[in-house]
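These notes are about the structure you will find just below.
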Amino acid sequence: MRCLEYPFDSAMILQKKRALRRELLAQEGLVPKKIAILSGSTVGEIKNILELFLLNAGIQPTFYVGEYARFYEEGMFDPSGALAAFKPDVIYLHTSVHNLGNLPAQTDSPEQAEQKLRAETQRWMQLWRAMQRFGCPIIQNNFELPDVRVMGSLDAVDIRGRVRFVNRMNDMTALWAEKTPGFYMHDLCWLSASEGVGRWCSPAAWCAYQYALDVPYIPVLCHSLATIVKSIFGKNKKGVVLDLDNTLWGGVIGDDGAEGVALGEESPAGRAFTAFQRYLKELSGMGVLLNVSSKNEDAAARAGFARADSVLKTEDFLCFNANWDPKPRNVEAIAKTINILPESLVFVDDNPVERDLMRQTLPGVAVPELTAPEEYVRILDRGGWFEPTAISDDDRRRSEMYRQNAQRAAEVQSFENYDDYLRSLAMRGEFGAFDAAHLERITQLINKTNQFNMTTRRYTAAEIEALCADPAYLTLYGRLADKFGDNGIVTAMIGHQQGETLEIDLWIMSCRVFKRNLEQTLFDQIVAACKARGVKTIVGRFLPTAKNLPAKDFYASIGFARVSESETETVYRFELPAQYEPLNHVMEVAVLP
């Protein structure tokens, strides 16, 4: 819904929230999640507006709202047991600078001020440690800066200064988030500063309603928070498709020539487009896939990136479509080439006609509303389409991995026999049980994989950690490398054993390695593990969605018998034979202890 995408009209959202909610609830395919909000101040309107942004991200929340200002007691002790009974998928601690205790005073000695900081640090860490028992992600606000500085600028320097106290508490919160899987810091300090602390921190809103922020900024808070929640549940976009003329440079390169377009540091317009290119380069560095769709002659389009002052070069783009085809067709072609869904892409184009055509033709594609070139960076940045909760080495190598896939696709044309092609890749599969070293990547993979995903279940890091310790569960991950490079961890399976039966709860595989025989090779490892456990029957389920149809017939293709079928679920069964013939004939396999 466009009115909930940045830049949005906060007043309109607050005014029309009920009508927006009714419209959003009519969507198909919403994913239900339980969201607990523990309150450090009034949260009524925050819950209402957060629901809108989550619905817009495809998440249908059910809320538990804690008692007013009882976040510490509920998190530490849950005296009524209501929070544990709710079984939240996410807990959000809505706290602010108003909830800090042990604040230093001007009359404190340096030793007393330091002691107060240590006491407050321990109080919060004790709370976060206790809340791990709920086994779900925790989102914690850090603290906005105080609206008042008794010592002026010295407040950020002197050990008794409350600005310095808040800054050190925020450093402590960031360190905790860095070291604690499943704990995510919501940067309230930056968010309030970006809007202006003097406007964000309204004394009237606090005194009258106990709101820790002024009411007009509630949609800003909720949009930022929803961005983290959707990232946790794998709802981020994967790539951006960029126009060129008046998007990556000023002017029309076909008319003005490469040297005639505005780029570089010599003009205001050039600086704006260069800043946008720098931002895109940084996005690419954390794994966002850059692509081009431009109505241009190919040679002219590429000439712009040959300029010495162009930050981006043609090799920064995964797909480069400069032609005269309709742009929705190009976006579909790009998605097909990368092997992702079009709705995983963001389309960036200065032309309102092209933007409208994209929204009408491919409604799942995100289309930010661009304004002036100097605002492009802010619009894409504040949109929150790519905000990660963690960035792995595999993420940073994603563009290179997709380029390697393009090399593989090109090489297959020279083989008449597909198995011969697979053998030529010199593939090596590495398989092992889930472990702490790979927990972050496995959790990330589980929560963002849609196409080869048999049951569409999602797991938090805490849930995965718990089942790893349960002997009734069988877990396996797979890494795939070949002569072109290492794809990283790209597949995972979770099953639970009951007697002589193993039921597969989750089986996923990255779209990057489709049709590489990895799924069959992982099944060989499942069979071997089942034999060692005394399992005689494996049960698999396929729960269809709009996104996982590529995996629809997979169980049948590897020898499972169909037991039952309905619109919502197909159940398969595999009886382990006395002599099992491995399905893998094309890759070397290493099994880790």
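Residues are named by chain letter and number: chains run A, B, ... in the order of the structure tokens, numbers start at 1 in each chain, and ligands are numbered from 1 in the order shown.
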Secondary structure check, strand (DSSP E or B) residues of segment 401-519 of chain A, as a count of residues only: 41
Produce a table with one row for each residue of segment 209-304 of chain A that has an atom at most 10 Å from any atom of segment 325-339 of chain A, each row naming the nearest atom pair and its distance in Å at one decimal; use only C-alpha atoms; arrange rows by chain and rising residue number; format as a tab-separated table.
```
residue	atom	partner	partner_atom	distance
A:Gly239	CA	A:Ala335	CA	9.3
A:Val240	CA	A:Val331	CA	9.8
A:Val241	CA	A:Val331	CA	7.2
A:Leu242	CA	A:Val331	CA	9.9
A:Asp243	CA	A:Lys327	CA	9.3
A:Leu289	CA	A:Ile338	CA	9.3
A:Asn291	CA	A:Ile334	CA	7.7
A:Val292	CA	A:Ile334	CA	8.9
A:Ser293	CA	A:Asn330	CA	6.4
A:Ser294	CA	A:Lys327	CA	7.7
A:Lys295	CA	A:Asp325	CA	7.3
A:Asn296	CA	A:Asp325	CA	9.7
```
What's around segment 477-481 of chain A at 6 Å? Count only C-alpha atoms, leave out sequence neighbours fewer than 2 positions away in its own chain, and write the answer as a tab-separated table (two decimals) with N, CA, C and O atoms, in the first residue's frame.
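Final output, saved to part-v2.tsv:
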```tsv
chain	number	residue	atom	x	y	z
A	427	MET	N	31.77	-30.42	-8.25
A	427	MET	CA	31.07	-30.00	-7.05
A	427	MET	C	31.52	-30.77	-5.82
A	427	MET	O	31.86	-31.95	-5.90
A	428	ARG	N	31.47	-30.08	-4.69
A	428	ARG	CA	31.75	-30.69	-3.39
A	428	ARG	C	30.65	-30.27	-2.42
A	428	ARG	O	30.43	-29.08	-2.18
A	429	GLY	N	29.92	-31.24	-1.91
A	429	GLY	CA	28.89	-30.97	-0.92
A	429	GLY	C	29.41	-31.29	0.48
A	429	GLY	O	30.02	-32.35	0.69
A	430	GLU	N	29.19	-30.37	1.39
A	430	GLU	CA	29.63	-30.57	2.78
A	430	GLU	C	28.38	-30.54	3.66
A	430	GLU	O	27.59	-29.60	3.60
A	431	PHE	N	28.22	-31.59	4.48
A	431	PHE	CA	27.00	-31.75	5.25
A	431	PHE	C	27.33	-31.96	6.72
A	431	PHE	O	28.34	-32.58	7.06
A	432	GLY	N	26.47	-31.44	7.59
A	432	GLY	CA	26.68	-31.63	9.02
A	432	GLY	C	25.43	-31.26	9.79
A	432	GLY	O	24.49	-30.65	9.26
A	485	GLY	N	33.30	-21.41	-7.54
A	485	GLY	CA	33.32	-20.75	-6.25
A	485	GLY	C	32.48	-21.47	-5.22
A	485	GLY	O	31.89	-22.53	-5.47
A	486	ASP	N	32.42	-20.87	-4.03
A	486	ASP	CA	31.69	-21.45	-2.89
A	486	ASP	C	30.35	-20.75	-2.76
A	486	ASP	O	30.27	-19.53	-2.61
A	487	ASN	N	29.26	-21.53	-2.82
A	487	ASN	CA	27.92	-20.97	-2.65
A	487	ASN	C	27.55	-20.76	-1.19
A	487	ASN	O	26.52	-20.16	-0.89
A	488	GLY	N	28.36	-21.28	-0.28
A	488	GLY	CA	28.04	-21.17	1.14
A	488	GLY	C	26.99	-22.19	1.56
A	488	GLY	O	26.69	-23.16	0.85
A	489	ILE	N	26.41	-21.98	2.74
A	489	ILE	CA	25.34	-22.86	3.24
A	489	ILE	C	24.06	-22.51	2.50
A	489	ILE	O	23.58	-21.38	2.55
A	490	VAL	N	23.50	-23.49	1.79
A	490	VAL	CA	22.37	-23.22	0.90
A	490	VAL	C	21.19	-24.16	1.11
A	490	VAL	O	20.18	-24.03	0.43
A	491	THR	N	21.30	-25.11	2.04
A	491	THR	CA	20.17	-25.99	2.28
A	491	THR	C	20.16	-26.43	3.73
A	491	THR	O	21.22	-26.45	4.39
A	492	ALA	N	18.97	-26.75	4.24
A	492	ALA	CA	18.84	-27.18	5.63
A	492	ALA	C	17.59	-28.04	5.78
A	492	ALA	O	16.61	-27.87	5.04
```
Secondary structure check, alpha helix (DSSP H) residues of segment 175-418 of chain A, as a PyMOL selection string: chain A and resi 175-179+188-195+197-200+203-209+218-232+253-256+268-285+298-303+327-338+352-361+376-383+393-396+398-412+418
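Once Arg533 of chain A and its same-chain neighbours fewer than 2 positions away are set aside, Pro471, Ala472, Tyr473, Leu474, His496, Gln497, Gln498, Gly499, Glu500, Thr501, Leu502, Ile526, Val527, Ala528, Ala529, Cys530, Lys531, Val535, Lys536, Thr537 and Ile538 of chain A remain within 12 Å of it when counting only C-alpha atoms.
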Keeping only C-alpha atoms, write those residues as a short mmCIF file (atom, residue, chain, number, x, y, z; two decimals), in the first residue's frame.
```cif
data_model
loop_
_atom_site.label_atom_id
_atom_site.label_comp_id
_atom_site.auth_asym_id
_atom_site.auth_seq_id
_atom_site.Cartn_x
_atom_site.Cartn_y
_atom_site.Cartn_z
CA PRO A 471 18.01 -35.89 20.75
CA ALA A 472 14.61 -36.46 19.16
CA TYR A 473 15.52 -33.99 16.39
CA LEU A 474 17.63 -34.62 13.33
CA HIS A 496 11.76 -35.09 14.55
CA GLN A 497 11.74 -38.78 15.37
CA GLN A 498 8.87 -40.69 16.94
CA GLY A 499 9.72 -44.33 17.33
CA GLU A 500 10.72 -45.69 13.93
CA THR A 501 9.33 -42.71 12.01
CA LEU A 502 11.05 -39.44 11.13
CA ILE A 526 18.97 -38.03 5.64
CA VAL A 527 18.63 -41.72 4.79
CA ALA A 528 22.05 -42.51 6.25
CA ALA A 529 21.21 -40.67 9.47
CA CYS A 530 17.82 -42.42 9.69
CA LYS A 531 19.40 -45.84 9.31
CA VAL A 535 14.20 -45.13 11.52
CA LYS A 536 12.25 -47.16 8.97
CA THR A 537 9.77 -44.57 7.64
CA ILE A 538 10.22 -40.94 6.60
#
```
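The shortest atom-to-atom distance to Asn447 of chain A, with only C-alpha atoms taken into account, belongs to A:Lys235 out of A:Lys16, A:Lys281, A:Lys235, A:Arg123.
Between atom CA of Gln132 of chain A and atom CA of Ala57 of chain A the interatomic distance comes to 26.2 Å.
All residues of protein, DNA or RNA that reach within 9 Å of Phe542 of chain A, judged by only C-alpha atoms and not counting those fewer than 4 positions away in the chain, are Asn453, Met454, Thr455, Thr456, Ala551, Lys552, Asp553, Tyr555, Thr568, Glu569, Thr570, Val571 and Tyr572 of chain A.
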Given the selection you just returned, output its residues as a file containing N, CA, C and O atoms, formatted as a compact mmCIF listing (two decimals), in the first residue's frame.
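Final file, again_29.txt:
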```txt
# COMPACT_ATOMS: atom_id res chain seq x y z
N ASN A 453 10.77 -24.63 -0.31
CA ASN A 453 10.45 -24.58 1.11
C ASN A 453 9.20 -25.44 1.29
O ASN A 453 8.09 -25.02 0.96
N MET A 454 9.40 -26.65 1.79
CA MET A 454 8.32 -27.64 1.74
C MET A 454 7.16 -27.31 2.68
O MET A 454 6.01 -27.58 2.36
N THR A 455 7.46 -26.74 3.84
CA THR A 455 6.39 -26.50 4.83
C THR A 455 6.24 -25.03 5.19
O THR A 455 5.32 -24.67 5.92
N THR A 456 7.14 -24.17 4.71
CA THR A 456 7.14 -22.72 4.96
C THR A 456 7.21 -22.36 6.43
O THR A 456 6.82 -21.27 6.83
N ALA A 551 8.70 -26.54 -5.78
CA ALA A 551 9.03 -27.74 -5.00
C ALA A 551 7.86 -28.71 -4.90
O ALA A 551 7.96 -29.74 -4.21
N LYS A 552 6.79 -28.44 -5.61
CA LYS A 552 5.54 -29.18 -5.45
C LYS A 552 5.71 -30.70 -5.59
O LYS A 552 5.19 -31.47 -4.79
N ASP A 553 6.44 -31.14 -6.60
CA ASP A 553 6.53 -32.57 -6.89
C ASP A 553 7.86 -33.19 -6.45
O ASP A 553 8.20 -34.30 -6.88
N TYR A 555 9.05 -34.47 -3.53
CA TYR A 555 9.04 -35.73 -2.79
C TYR A 555 8.74 -36.90 -3.72
O TYR A 555 9.37 -37.96 -3.63
N THR A 568 -4.65 -27.77 1.12
CA THR A 568 -3.70 -27.13 2.04
C THR A 568 -2.49 -27.97 2.37
O THR A 568 -1.50 -27.45 2.90
N GLU A 569 -2.51 -29.28 2.04
CA GLU A 569 -1.38 -30.12 2.43
C GLU A 569 -1.38 -31.43 1.64
O GLU A 569 -2.42 -32.04 1.42
N THR A 570 -0.18 -31.84 1.22
CA THR A 570 0.02 -33.17 0.63
C THR A 570 1.01 -33.91 1.51
O THR A 570 2.07 -33.37 1.84
N VAL A 571 0.68 -35.13 1.89
CA VAL A 571 1.52 -35.93 2.78
C VAL A 571 2.16 -37.06 1.97
O VAL A 571 1.49 -37.74 1.18
N TYR A 572 3.46 -37.25 2.18
CA TYR A 572 4.23 -38.28 1.48
C TYR A 572 4.90 -39.21 2.49
O TYR A 572 5.18 -38.81 3.62
```
Counting only C-alpha atoms, the residue of A:Ser284, A:Asn48, A:Asn517, A:Asn417 that sits nearest Arg397 of chain A: A:Ser284
May I have a table of the residues of segment 110-160 of chain A lying at most 6 Å from segment 184-207 of chain A, giving each one's closest pair of atoms and their distance in Å to one decimal, counting only C-alpha atoms, ordered by chain and ascending residue number, as JSON lines?
```
{"residue": "A:Ile139", "atom": "CA", "partner": "A:Tyr184", "partner_atom": "CA", "distance": 4.7}
{"residue": "A:Gln140", "atom": "CA", "partner": "A:Met185", "partner_atom": "CA", "distance": 5.0}
{"residue": "A:Asn141", "atom": "CA", "partner": "A:His186", "partner_atom": "CA", "distance": 4.6}
{"residue": "A:Asn142", "atom": "CA", "partner": "A:Leu188", "partner_atom": "CA", "distance": 5.6}
{"residue": "A:Phe143", "atom": "CA", "partner": "A:Cys189", "partner_atom": "CA", "distance": 5.4}
{"residue": "A:Glu144", "atom": "CA", "partner": "A:Cys189", "partner_atom": "CA", "distance": 4.0}
```
Among the residues A:Thr95, A:Gln404, A:Gln451, A:Thr274, the one that comes closest to Val377 of chain A [using only C-alpha atoms]: A:Thr274
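Pairwise distance (atom CA of Gly383 of chain A, atom CA of Tyr6 of chain A) equals 5.1 Å.
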Nearest to Ser231 of chain A by atom-to-atom distance, counting only C-alpha atoms, from A:Leu55, A:Ile508, A:Ala433, A:Ala390: A:Ala390
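Interatomic distance, atom CA of Arg403 of chain A against atom CA of Asn321 of chain A: 15.3 Å.
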12 Å contact set for Asp108 of chain A, only C-alpha atoms, chain neighbours under 4 positions out, as a PyMOL selection string: chain A and resi 102-104+112-117+158-161
Surrounding residues of Ile494 of chain A excluding itself and chain neighbours under 6 positions, 9 Å, only C-alpha atoms, as a list in words: Leu467, Tyr473, Leu474, Thr475, Leu476, Tyr477, Glu503, Ile504, Asp505, Leu506 and Trp507 of chain A
